[in-house]
$ cat final18.txt   # compact mmCIF, C-alpha atoms
# COMPACT_ATOMS: atom_id res chain seq x y z
CA ASP E 1 0.00 0.00 0.00
CA GLY E 2 3.02 2.31 -0.10
CA PHE E 3 3.34 2.79 3.65
CA ALA E 4 4.30 0.98 6.86
CA VAL E 5 3.74 1.76 10.54
CA THR E 6 5.67 0.26 13.45
CA GLU E 7 6.15 1.02 17.13
CA SER E 8 9.82 1.69 17.94
CA GLN E 9 11.75 2.12 21.16
CA TRP E 10 12.84 5.64 20.17
CA LYS E 11 10.45 7.79 22.17
CA ILE E 12 11.13 11.45 22.87
CA THR E 13 11.32 12.30 26.58
CA GLN E 14 10.22 15.50 28.27
CA ASP E 15 13.84 16.55 28.78
CA GLN E 16 14.52 16.07 25.06
CA HIS E 17 11.41 18.10 24.22
CA LYS E 18 12.71 20.95 26.39
CA GLN E 19 15.98 20.96 24.45
CA LEU E 20 14.11 20.95 21.12
CA THR E 21 12.04 23.98 22.08
CA ALA E 22 15.07 26.24 21.66
CA TYR E 23 15.22 25.37 17.96
CA LEU E 24 11.52 25.80 17.24
CA THR E 25 11.43 29.52 16.48
CA GLU E 26 10.65 29.90 12.77
CA LYS E 27 7.68 29.23 10.54
CA THR E 28 8.10 27.97 7.00
CA ASN E 29 7.86 30.32 4.00
CA GLN E 30 4.47 28.86 3.04
CA LEU E 31 1.20 30.64 3.72
CA ASP E 32 -0.79 30.01 6.90
CA ASP E 33 -3.72 28.72 4.86
CA VAL E 34 -1.44 25.88 3.65
CA ARG E 35 0.47 24.94 6.82
CA THR E 36 0.95 26.36 10.30
CA ASP E 37 3.80 24.33 11.77
CA THR E 38 7.07 25.61 13.22
CA VAL E 39 10.10 23.72 11.88
CA HIS E 40 13.86 23.41 12.17
CA PHE E 41 16.36 21.16 10.41
CA LEU E 42 18.66 19.46 12.90
CA ASN E 43 22.15 18.36 11.94
CA GLN E 44 23.89 15.57 13.81
CA GLU E 45 25.51 17.91 16.34
CA GLN E 46 22.24 19.66 17.14
CA ALA E 47 20.43 16.34 17.51
CA SER E 48 23.11 15.23 19.96
CA LEU E 49 22.77 18.44 21.97
CA CYS E 50 19.07 17.61 22.34
CA GLY E 51 19.88 14.06 23.48
CA LEU E 52 18.55 12.67 20.20
CA GLU E 53 21.74 11.20 18.75
CA GLN E 54 20.25 7.70 18.78
CA HIS E 55 17.02 8.89 17.18
CA TYR E 56 19.06 10.63 14.48
CA ALA E 57 21.17 7.50 13.90
CA PHE E 58 18.06 5.31 13.80
CA LEU E 59 16.41 7.43 11.11
CA MET E 60 19.63 7.66 9.10
CA SER E 61 20.04 3.87 9.21
CA ILE E 62 16.78 3.23 7.34
CA ALA E 63 18.22 4.03 3.90
CA ALA E 64 21.08 1.54 4.29
CA HIS E 65 18.63 -1.13 5.44
CA LEU E 66 16.40 -0.54 2.43
CA ASN E 67 19.38 -0.50 0.05
CA ASP E 68 20.43 -3.91 1.42
CA HIS E 69 17.04 -5.61 1.70
CA HIS E 70 14.34 -3.85 -0.34
CA THR E 71 13.25 -4.69 -3.88
CA PHE E 72 12.86 -1.33 -5.58
CA ARG E 73 10.33 -0.23 -8.15
CA PRO E 74 11.93 -0.59 -11.61
CA SER E 75 13.14 2.66 -13.16
CA VAL E 76 14.03 3.57 -16.73
CA HIS E 77 16.27 6.34 -15.39
CA GLU E 78 19.93 6.11 -14.52
CA PRO E 79 20.97 6.90 -10.94
CA LEU E 80 22.99 10.01 -10.25
CA PRO E 81 26.04 9.85 -7.94
CA PRO E 82 26.35 9.03 -5.13
CA ALA E 83 23.45 6.67 -5.91
CA THR E 84 24.09 3.47 -7.87
CA ARG E 85 21.90 0.75 -9.38
CA SER E 86 22.57 -1.52 -6.37
CA THR E 87 22.30 1.28 -3.76
CA PRO E 88 19.82 3.79 -5.23
CA LEU E 89 18.93 5.56 -1.98
CA THR E 90 20.89 8.50 -0.57
CA LEU E 91 20.59 10.66 2.53
CA PRO E 92 20.53 14.33 3.48
CA SER E 93 22.59 15.42 6.48
CA GLU E 94 19.66 16.81 8.50
CA ILE E 95 16.34 15.72 9.97
CA GLN E 96 13.38 18.03 10.48
CA ILE E 97 11.62 18.72 13.76
CA ALA E 98 8.10 20.08 13.24
CA GLU E 99 5.64 21.34 15.82
CA TYR E 100 1.90 21.95 15.47
CA CYS E 101 0.09 23.76 18.29
CA LYS E 102 -3.68 23.89 18.83
CA ASP E 103 -5.54 24.51 15.55
CA GLY E 104 -2.38 23.70 13.58
CA PHE E 105 -2.69 21.79 10.29
CA TYR E 106 -1.06 21.08 6.93
CA LYS E 107 -3.29 20.84 3.88
CA GLN E 108 -3.20 17.89 1.51
CA HIS E 109 0.09 17.79 -0.37
CA SER E 110 2.79 15.47 -1.66
CA ASP E 111 6.46 15.54 -0.63
CA ASN E 112 7.31 14.73 -4.25
CA SER E 113 4.44 15.87 -6.43
CA LEU E 114 3.82 14.87 -10.03
CA ARG E 115 4.11 17.79 -12.43
CA ASP E 116 1.82 18.13 -15.43
CA ASP E 117 4.71 17.11 -17.71
CA GLY E 118 5.05 13.80 -15.86
CA VAL E 119 8.29 14.72 -14.08
CA ARG E 120 8.52 14.60 -10.30
CA SER E 121 9.29 17.79 -8.38
CA ASN E 122 12.31 16.39 -6.49
CA PHE E 123 14.23 13.19 -5.68
CA ARG E 124 12.43 12.25 -2.46
CA GLU E 125 11.61 8.54 -2.45
CA TYR E 126 10.58 7.76 1.14
CA THR E 127 9.30 9.93 3.97
CA CYS E 128 10.22 8.63 7.43
CA ILE E 129 8.43 10.18 10.42
CA LEU E 130 9.19 9.42 14.07
CA TYR E 131 6.51 10.79 16.36
CA GLY E 132 7.14 12.11 19.87
CA ASN E 133 3.79 12.66 21.59
CA ASP E 134 2.81 10.96 24.86
CA ASP E 135 -0.70 9.60 25.36
CA TRP E 136 -1.99 10.95 22.04
CA THR E 137 -5.60 9.94 21.31
CA SER E 138 -7.90 10.43 18.33
CA ASP E 139 -9.96 13.16 20.05
CA MET E 140 -6.80 15.32 20.10
CA GLY E 141 -6.81 15.54 16.28
CA GLY E 142 -3.45 15.87 14.52
CA ALA E 143 -3.58 12.56 12.65
CA LEU E 144 -1.56 12.20 9.49
CA ARG E 145 -4.09 11.42 6.76
CA LEU E 146 -2.58 9.39 3.92
CA TRP E 147 -4.09 8.54 0.52
CA PRO E 148 -2.43 5.19 -0.41
CA GLU E 149 -3.73 5.17 -4.01
CA SER E 150 -2.58 8.69 -4.88
CA ARG E 151 0.93 8.04 -6.22
CA ASP E 152 0.13 8.49 -9.92
CA HIS E 153 -2.38 11.30 -9.52
CA PRO E 154 -1.43 14.96 -9.77
CA GLN E 155 -2.73 16.37 -6.49
CA SER E 156 -5.35 18.55 -8.17
CA ARG E 157 -6.85 15.48 -9.84
CA LEU E 158 -7.10 13.17 -6.82
CA PRO E 159 -10.73 11.92 -6.62
CA ARG E 160 -12.63 13.35 -3.67
CA ASP E 161 -13.77 9.88 -2.66
CA ALA E 162 -10.24 8.40 -2.77
CA PRO E 163 -9.66 6.08 0.23
CA PHE E 164 -7.42 7.28 3.04
CA VAL E 165 -5.99 6.10 6.35
CA ASP E 166 -5.35 8.15 9.51
CA ILE E 167 -2.21 7.55 11.59
CA LEU E 168 -2.07 8.98 15.11
CA PRO E 169 1.23 10.65 16.10
CA LYS E 170 1.96 8.48 19.16
CA ASN E 171 5.34 8.65 20.86
CA GLY E 172 7.84 6.22 19.33
CA ARG E 173 5.65 5.41 16.32
CA LEU E 174 7.53 5.24 13.03
CA LEU E 175 5.68 5.91 9.78
CA LEU E 176 7.43 5.26 6.48
CA PHE E 177 5.66 6.02 3.21
CA ASP E 178 6.22 6.66 -0.47
CA SER E 179 7.03 10.38 -0.71
CA CYS E 180 4.84 10.64 -3.82
CA LEU E 181 1.66 9.91 -1.85
CA ALA E 182 -0.75 12.69 -0.96
CA HIS E 183 -1.12 13.32 2.76
CA SER E 184 -2.14 15.98 5.26
CA VAL E 185 -1.89 16.80 8.95
CA GLN E 186 -5.39 17.05 10.37
CA ARG E 187 -6.16 20.01 12.62
CA VAL E 188 -4.79 19.68 16.16
CA LEU E 189 -7.67 19.92 18.63
CA THR E 190 -5.81 19.95 21.95
CA ASP E 191 -3.90 22.61 23.84
CA LYS E 192 -2.51 20.11 26.37
CA GLN E 193 0.65 19.55 24.33
CA PRO E 194 1.99 20.43 20.89
CA ARG E 195 2.18 17.76 18.21
CA ARG E 196 5.84 17.07 17.36
CA ALA E 197 7.59 14.77 14.92
CA LEU E 198 11.05 14.13 13.48
CA THR E 199 11.13 13.64 9.70
CA LEU E 200 13.80 12.32 7.35
CA TRP E 201 13.42 12.32 3.57
CA ILE E 202 15.33 9.55 1.79
CA ASN E 203 16.28 10.43 -1.78
CA ARG E 204 16.64 8.46 -5.01
CA PRO E 205 18.54 10.80 -7.36
CA ASN E 206 18.29 9.97 -11.07
CA ASP E 207 18.34 11.53 -14.53
CA SER E 208 14.54 11.85 -14.80
CA GLY E 209 14.67 15.60 -15.44
CA VAL E 210 14.30 16.95 -11.91
CA GLU E 211 15.82 20.45 -11.72
CA GLY E 212 17.16 22.48 -8.85
CA GLU E 213 17.23 19.66 -6.30
CA THR E 214 19.88 19.42 -3.60
CA TYR E 215 20.70 15.87 -2.51
CA TYR E 216 23.46 14.03 -0.68
$ encode --input "final18.txt" --output "structure tokens"
Amino acid sequence: DGFAVTESQWKITQDQHKQLTAYLTEKTNQLDDVRTDTVHFLNQEQASLCGLEQHYAFLMSIAAHLNDHHTFRPSVHEPLPPATRSTPLTLPSEIQIAEYCKDGFYKQHSDNSLRDDGVRSNFREYTCILYGNDDWTSDMGGALRLWPESRDHPQSRLPRDAPFVDILPKNGRLLLFDSCLAHSVQRVLTDKQPRRALTLWINRPNDSGVEGETYY
């Protein structure tokens, strides 16, 4: 179905949350009617300063595991260095921390949308999200809504009745999905705690015609 959910041991503690707060000071450059989260990209040193060096290492290890064990979707395109045919996935050097407070949301979007000319907008292949929210329940809102059948649909043409699944952002939960899938963050309904998550985008650079992309 293009996604997987598992419960990991890598929960975020209250002390780690306190350290993260210092980095959560800037909004994105997108409009508030699209998304309302506060974000920061953490490098390895910053993750370590927050006590999240193991969380960082865990997320970074996923690409190597997939390169070694996953059967990839066939591609007519040649990989671009440092990717190879046998190890097509590559990594950035940073992970994102994102925070949504009460009434926060992110409208339906794709992390690697399909342009009208059939070319993808970037090299993102998999989105890996590690949630950090204690005792999160459905009445608190904030679920990630994912449309598993949306990969080959330009976002504007996704049928309104397309099936979706909702994933709650529970502490230690890992969600991995095809970056081409449409998804959203449903409105947060609680003011008891912010909704936080660490995200890593795993890339698959190739000669498909993507322009202006930075990858590692």
$ closest_residue --input "final18.txt" --among "E:Ser75, E:Thr127, E:Thr190, E:Ser208" --to "E:Leu176" --atoms "only C-alpha atoms"
E:Thr127
$ residues_around --input "final18.txt" --residues "E:Asn43" --least-positions-apart "4" --cutoff "7 Å" --atoms "all atoms listed in the file" --output "PyMOL selection string"
chain E and resi 47+93-95
$ closest_residue --input "final18.txt" --among "E:Gly209, E:Pro88, E:Pro163, E:Gly172" --to "E:His70" --atoms "all atoms listed in the file"
E:Pro88
$ residues_around --input "final18.txt" --residues "E:Ala143" --least-positions-apart "3" --cutoff "12 Å" --atoms "only C-alpha atoms" --output "number ranges by chain"
E: 100, 104-106, 131, 133, 136-140, 146, 164-170, 175, 183-189, 195-197
$ residues_near_point --input "final18.txt" --point "(9.8, 14.3, 12.7)" --cutoff "7 Å" --atoms "only C-alpha atoms" --output "list in words"
Gln96, Ile97, Ala98, Ile129, Leu130, Tyr131, Arg196, Ala197, Leu198, Thr199 and Leu200 of chain E
$ closest_residue --input "final18.txt" --among "E:Ala57, E:Leu24, E:Leu91, E:Val210" --to "E:Phe41" --atoms "all atoms listed in the file"
E:Leu24
$ decode --input "final18.txt" --residues "stretch 57-175 of chain E" --atoms "C-alpha atoms" --output "compact mmCIF listing (two decimals), in the first residue's frame"
# COMPACT_ATOMS: atom_id res chain seq x y z
CA ALA E 57 21.17 7.50 13.90
CA PHE E 58 18.06 5.31 13.80
CA LEU E 59 16.41 7.43 11.11
CA MET E 60 19.63 7.66 9.10
CA SER E 61 20.04 3.87 9.21
CA ILE E 62 16.78 3.23 7.34
CA ALA E 63 18.22 4.03 3.90
CA ALA E 64 21.08 1.54 4.29
CA HIS E 65 18.63 -1.13 5.44
CA LEU E 66 16.40 -0.54 2.43
CA ASN E 67 19.38 -0.50 0.05
CA ASP E 68 20.43 -3.91 1.42
CA HIS E 69 17.04 -5.61 1.70
CA HIS E 70 14.34 -3.85 -0.34
CA THR E 71 13.25 -4.69 -3.88
CA PHE E 72 12.86 -1.33 -5.58
CA ARG E 73 10.33 -0.23 -8.15
CA PRO E 74 11.93 -0.59 -11.61
CA SER E 75 13.14 2.66 -13.16
CA VAL E 76 14.03 3.57 -16.73
CA HIS E 77 16.27 6.34 -15.39
CA GLU E 78 19.93 6.11 -14.52
CA PRO E 79 20.97 6.90 -10.94
CA LEU E 80 22.99 10.01 -10.25
CA PRO E 81 26.04 9.85 -7.94
CA PRO E 82 26.35 9.03 -5.13
CA ALA E 83 23.45 6.67 -5.91
CA THR E 84 24.09 3.47 -7.87
CA ARG E 85 21.90 0.75 -9.38
CA SER E 86 22.57 -1.52 -6.37
CA THR E 87 22.30 1.28 -3.76
CA PRO E 88 19.82 3.79 -5.23
CA LEU E 89 18.93 5.56 -1.98
CA THR E 90 20.89 8.50 -0.57
CA LEU E 91 20.59 10.66 2.53
CA PRO E 92 20.53 14.33 3.48
CA SER E 93 22.59 15.42 6.48
CA GLU E 94 19.66 16.81 8.50
CA ILE E 95 16.34 15.72 9.97
CA GLN E 96 13.38 18.03 10.48
CA ILE E 97 11.62 18.72 13.76
CA ALA E 98 8.10 20.08 13.24
CA GLU E 99 5.64 21.34 15.82
CA TYR E 100 1.90 21.95 15.47
CA CYS E 101 0.09 23.76 18.29
CA LYS E 102 -3.68 23.89 18.83
CA ASP E 103 -5.54 24.51 15.55
CA GLY E 104 -2.38 23.70 13.58
CA PHE E 105 -2.69 21.79 10.29
CA TYR E 106 -1.06 21.08 6.93
CA LYS E 107 -3.29 20.84 3.88
CA GLN E 108 -3.20 17.89 1.51
CA HIS E 109 0.09 17.79 -0.37
CA SER E 110 2.79 15.47 -1.66
CA ASP E 111 6.46 15.54 -0.63
CA ASN E 112 7.31 14.73 -4.25
CA SER E 113 4.44 15.87 -6.43
CA LEU E 114 3.82 14.87 -10.03
CA ARG E 115 4.11 17.79 -12.43
CA ASP E 116 1.82 18.13 -15.43
CA ASP E 117 4.71 17.11 -17.71
CA GLY E 118 5.05 13.80 -15.86
CA VAL E 119 8.29 14.72 -14.08
CA ARG E 120 8.52 14.60 -10.30
CA SER E 121 9.29 17.79 -8.38
CA ASN E 122 12.31 16.39 -6.49
CA PHE E 123 14.23 13.19 -5.68
CA ARG E 124 12.43 12.25 -2.46
CA GLU E 125 11.61 8.54 -2.45
CA TYR E 126 10.58 7.76 1.14
CA THR E 127 9.30 9.93 3.97
CA CYS E 128 10.22 8.63 7.43
CA ILE E 129 8.43 10.18 10.42
CA LEU E 130 9.19 9.42 14.07
CA TYR E 131 6.51 10.79 16.36
CA GLY E 132 7.14 12.11 19.87
CA ASN E 133 3.79 12.66 21.59
CA ASP E 134 2.81 10.96 24.86
CA ASP E 135 -0.70 9.60 25.36
CA TRP E 136 -1.99 10.95 22.04
CA THR E 137 -5.60 9.94 21.31
CA SER E 138 -7.90 10.43 18.33
CA ASP E 139 -9.96 13.16 20.05
CA MET E 140 -6.80 15.32 20.10
CA GLY E 141 -6.81 15.54 16.28
CA GLY E 142 -3.45 15.87 14.52
CA ALA E 143 -3.58 12.56 12.65
CA LEU E 144 -1.56 12.20 9.49
CA ARG E 145 -4.09 11.42 6.76
CA LEU E 146 -2.58 9.39 3.92
CA TRP E 147 -4.09 8.54 0.52
CA PRO E 148 -2.43 5.19 -0.41
CA GLU E 149 -3.73 5.17 -4.01
CA SER E 150 -2.58 8.69 -4.88
CA ARG E 151 0.93 8.04 -6.22
CA ASP E 152 0.13 8.49 -9.92
CA HIS E 153 -2.38 11.30 -9.52
CA PRO E 154 -1.43 14.96 -9.77
CA GLN E 155 -2.73 16.37 -6.49
CA SER E 156 -5.35 18.55 -8.17
CA ARG E 157 -6.85 15.48 -9.84
CA LEU E 158 -7.10 13.17 -6.82
CA PRO E 159 -10.73 11.92 -6.62
CA ARG E 160 -12.63 13.35 -3.67
CA ASP E 161 -13.77 9.88 -2.66
CA ALA E 162 -10.24 8.40 -2.77
CA PRO E 163 -9.66 6.08 0.23
CA PHE E 164 -7.42 7.28 3.04
CA VAL E 165 -5.99 6.10 6.35
CA ASP E 166 -5.35 8.15 9.51
CA ILE E 167 -2.21 7.55 11.59
CA LEU E 168 -2.07 8.98 15.11
CA PRO E 169 1.23 10.65 16.10
CA LYS E 170 1.96 8.48 19.16
CA ASN E 171 5.34 8.65 20.86
CA GLY E 172 7.84 6.22 19.33
CA ARG E 173 5.65 5.41 16.32
CA LEU E 174 7.53 5.24 13.03
CA LEU E 175 5.68 5.91 9.78
